[in-house]
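Student: Sending over target.csv (CSV, C-alpha atoms).
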chain,number,residue,atom,x,y,z
L,1,MET,CA,82.3,99.4,84.9
L,2,TYR,CA,79.6,101.1,86.9
L,3,ILE,CA,77.8,99.2,89.6
L,4,GLY,CA,75.3,101.6,91.0
L,5,PRO,CA,77.0,104.8,92.0
L,6,PHE,CA,80.4,103.1,92.1
L,7,TYR,CA,83.0,102.9,89.3
L,8,PHE,CA,85.2,99.8,89.3
L,9,ASP,CA,88.4,99.6,87.2
L,10,THR,CA,89.4,96.2,85.8
L,11,LYS,CA,92.1,95.9,88.5
L,12,GLU,CA,89.5,96.4,91.3
L,13,ILE,CA,87.2,93.8,89.7
L,14,PHE,CA,90.1,91.4,89.6
L,15,LEU,CA,91.0,92.0,93.2
L,16,ILE,CA,87.4,91.6,94.3
L,17,LEU,CA,87.2,88.3,92.4
L,18,ALA,CA,90.5,87.2,93.9
L,19,ALA,CA,89.1,88.0,97.4
L,20,ILE,CA,86.0,86.0,96.6
L,21,PHE,CA,87.9,83.0,95.3
L,22,LEU,CA,90.3,83.1,98.3
L,23,GLY,CA,87.4,83.2,100.7
L,24,LEU,CA,85.9,80.2,98.9
L,25,ALA,CA,89.2,78.4,99.1
L,26,LEU,CA,89.4,79.1,102.8
L,27,ALA,CA,85.8,78.1,103.4
L,28,PHE,CA,85.9,74.8,101.4
L,29,ASN,CA,89.5,74.0,102.4
L,30,TRP,CA,90.8,74.0,98.8
L,31,PRO,CA,94.6,73.5,98.7
L,32,LEU,CA,96.8,76.4,97.5
L,33,TRP,CA,100.4,75.2,97.0
L,34,TRP,CA,103.1,77.2,98.8
L,35,PHE,CA,100.8,80.0,100.0
L,36,ASP,CA,98.8,80.5,103.2
L,37,LYS,CA,95.2,81.3,102.3
L,38,ARG,CA,94.6,83.6,105.2
L,39,VAL,CA,97.7,85.6,104.5
L,40,LEU,CA,96.8,86.0,100.8
L,41,LEU,CA,93.2,87.1,101.8
L,42,THR,CA,94.6,89.6,104.2
L,43,LEU,CA,96.9,91.0,101.5
L,44,VAL,CA,94.1,91.2,99.0
L,45,ILE,CA,91.9,93.2,101.4
L,46,LEU,CA,94.8,95.5,102.3
L,47,VAL,CA,95.5,96.1,98.6
L,48,LEU,CA,91.8,96.8,97.9
L,49,ILE,CA,91.7,99.3,100.8
L,50,THR,CA,94.9,101.2,99.6
L,51,LYS,CA,93.8,101.1,96.0
L,52,GLY,CA,90.4,102.3,96.9
L,53,LEU,CA,91.7,105.2,99.0
L,54,LEU,CA,94.2,106.3,96.5
L,55,PRO,CA,92.8,105.7,93.0
L,56,ALA,CA,95.3,108.0,91.2
L,57,ILE,CA,98.4,105.9,92.0
L,58,HIS,CA,100.7,104.6,89.3
L,59,ASN,CA,99.8,101.0,88.6
L,60,GLU,CA,103.2,99.8,87.6
L,61,ALA,CA,105.1,100.6,90.8
L,62,PHE,CA,102.1,99.5,92.9
L,63,PHE,CA,102.0,96.2,91.0
L,64,ILE,CA,105.7,95.6,91.7
L,65,LEU,CA,105.1,96.3,95.4
L,66,VAL,CA,102.2,93.9,95.5
L,67,ILE,CA,104.1,91.1,93.7
L,68,ALA,CA,107.1,91.5,96.0
L,69,THR,CA,104.8,91.4,99.0
L,70,ILE,CA,103.1,88.3,97.8
L,71,PHE,CA,106.4,86.5,97.3
L,72,LEU,CA,107.6,87.5,100.7
L,73,THR,CA,104.6,85.5,102.1
L,74,LEU,CA,106.6,82.4,101.3
L,75,TYR,CA,109.3,83.3,103.8
L,76,LEU,CA,108.1,85.8,106.4
L,77,PRO,CA,105.3,85.9,109.0
L,78,ILE,CA,102.2,88.1,108.3
L,79,PHE,CA,103.1,90.9,110.7
L,80,GLN,CA,106.5,91.5,108.9
L,81,ILE,CA,104.8,91.4,105.5
L,82,VAL,CA,102.1,93.9,106.5
L,83,LEU,CA,104.8,96.1,108.0
L,84,PHE,CA,106.9,95.8,104.8
L,85,TYR,CA,103.8,96.7,102.7
L,86,PHE,CA,102.9,99.8,104.6
L,87,ILE,CA,106.5,101.1,105.0
L,88,SER,CA,107.2,100.6,101.3
L,89,PHE,CA,103.9,102.2,100.4
L,90,ILE,CA,104.6,105.2,102.6
L,91,LEU,CA,108.1,105.5,101.2
L,92,PHE,CA,106.8,105.3,97.6
L,93,ARG,CA,104.3,108.1,98.4
L,94,LEU,CA,106.9,110.3,100.0
L,95,LEU,CA,109.4,109.8,97.2
L,96,LYS,CA,106.6,110.4,94.6
L,97,VAL,CA,107.0,107.0,93.0
L,98,ILE,CA,103.3,106.2,93.4
Could you take the file, read its structure, and then write that structure out as structure tokens?
Tutor:
Amino acid sequence: MYIGPFYFDTKEIFLILAAIFLGLALAFNWPLWWFDKRVLLTLVILVLITKGLLPAIHNEAFFILVIATIFLTLYLPIFQIVLFYFISFILFRLLKVI
């Protein structure tokens, strides 16, 4: 879908909508069971940045990395999650998985 000079894939549109809904949940204090809204919003923004900078990545492996990172938010603090995300992403790029 083209919006002005920008092309958005369905995955980017979903991530933008997820960021908007998480921002609204944070602003209006809507409950999200089990998850911290700030951590999820931070992860969505990081995923948007990495997906935007590298649009030619394989979606399946990237999807598994994102799902694993989201489920780690249940048990680990945000710094360790961001560290896991970036180290895994770099290793995936070096090993030509993504």
Student: Would you work out the distance separating CA of Val44 (chain L) from CA of Ile67 (chain L), expressed in Å to one decimal?
Tutor: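 Taking CA of Val44 (chain L) and CA of Ile67 (chain L), their separation equals 11.3 Å.
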Student: What does the distance from CA of Lys37 (chain L) to CA of Tyr85 (chain L) come to in Å, to one decimal?
Tutor: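 Going from CA of Lys37 (chain L) over to CA of Tyr85 (chain L), I get 17.6 Å.
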Student: Show which residues sit within 12 Å of Leu46 (chain L), as a ChimeraX atom specification. Count only C-alpha atoms, and ignore same-chain residues fewer than 2 positions away.
Tutor: /L:15-16,19,39-44,48-53,66,69-70,81-83,85-86,89
Student: Quote the spacing between CA of Ile90 (chain L) and CA of Leu54 (chain L) in Å to one decimal place.
Tutor: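 Distance reported for this atom pair: 12.1 Å.
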Student: Which one is closest to Leu72 (chain L): L:Phe35, L:Ala25, L:Ile87, L:Ala18? Count only C-alpha atoms.
Tutor: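 Looking only at the distances to Leu72 (chain L), the closest residue turns out to be L:Phe35.
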Student: Of the candidates L:Ala68, L:Trp34, L:Phe79, L:Ala61, which shows the shortest atom-to-atom distance to Arg93 (chain L), using all atoms listed in the file?
Tutor: L:Ala61
Student: Nearest to Tyr75 (chain L): which of L:Ala27, L:Asp36, L:Leu95, L:Pro55 is it, counting only C-alpha atoms?
Tutor: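 Result for the nearest residue to Tyr75 (chain L): L:Asp36.
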Student: Determine the nearest neighbour of Phe84 (chain L) from the options L:Asp9, L:Lys96, L:Leu26, L:Leu65, counting all atoms listed in the file.
Tutor: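 That would be L:Leu65, the residue with the smallest distance to Phe84 (chain L).
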Student: Name the closest residue to Ile45 (chain L) among the candidates L:Leu76, L:Leu17, L:Leu24, L:Ile57; distances are taken between atoms, counting all atoms listed in the file.
Tutor: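 Once distances to Ile45 (chain L) are computed over all atoms listed in the file, the minimum belongs to L:Leu17.
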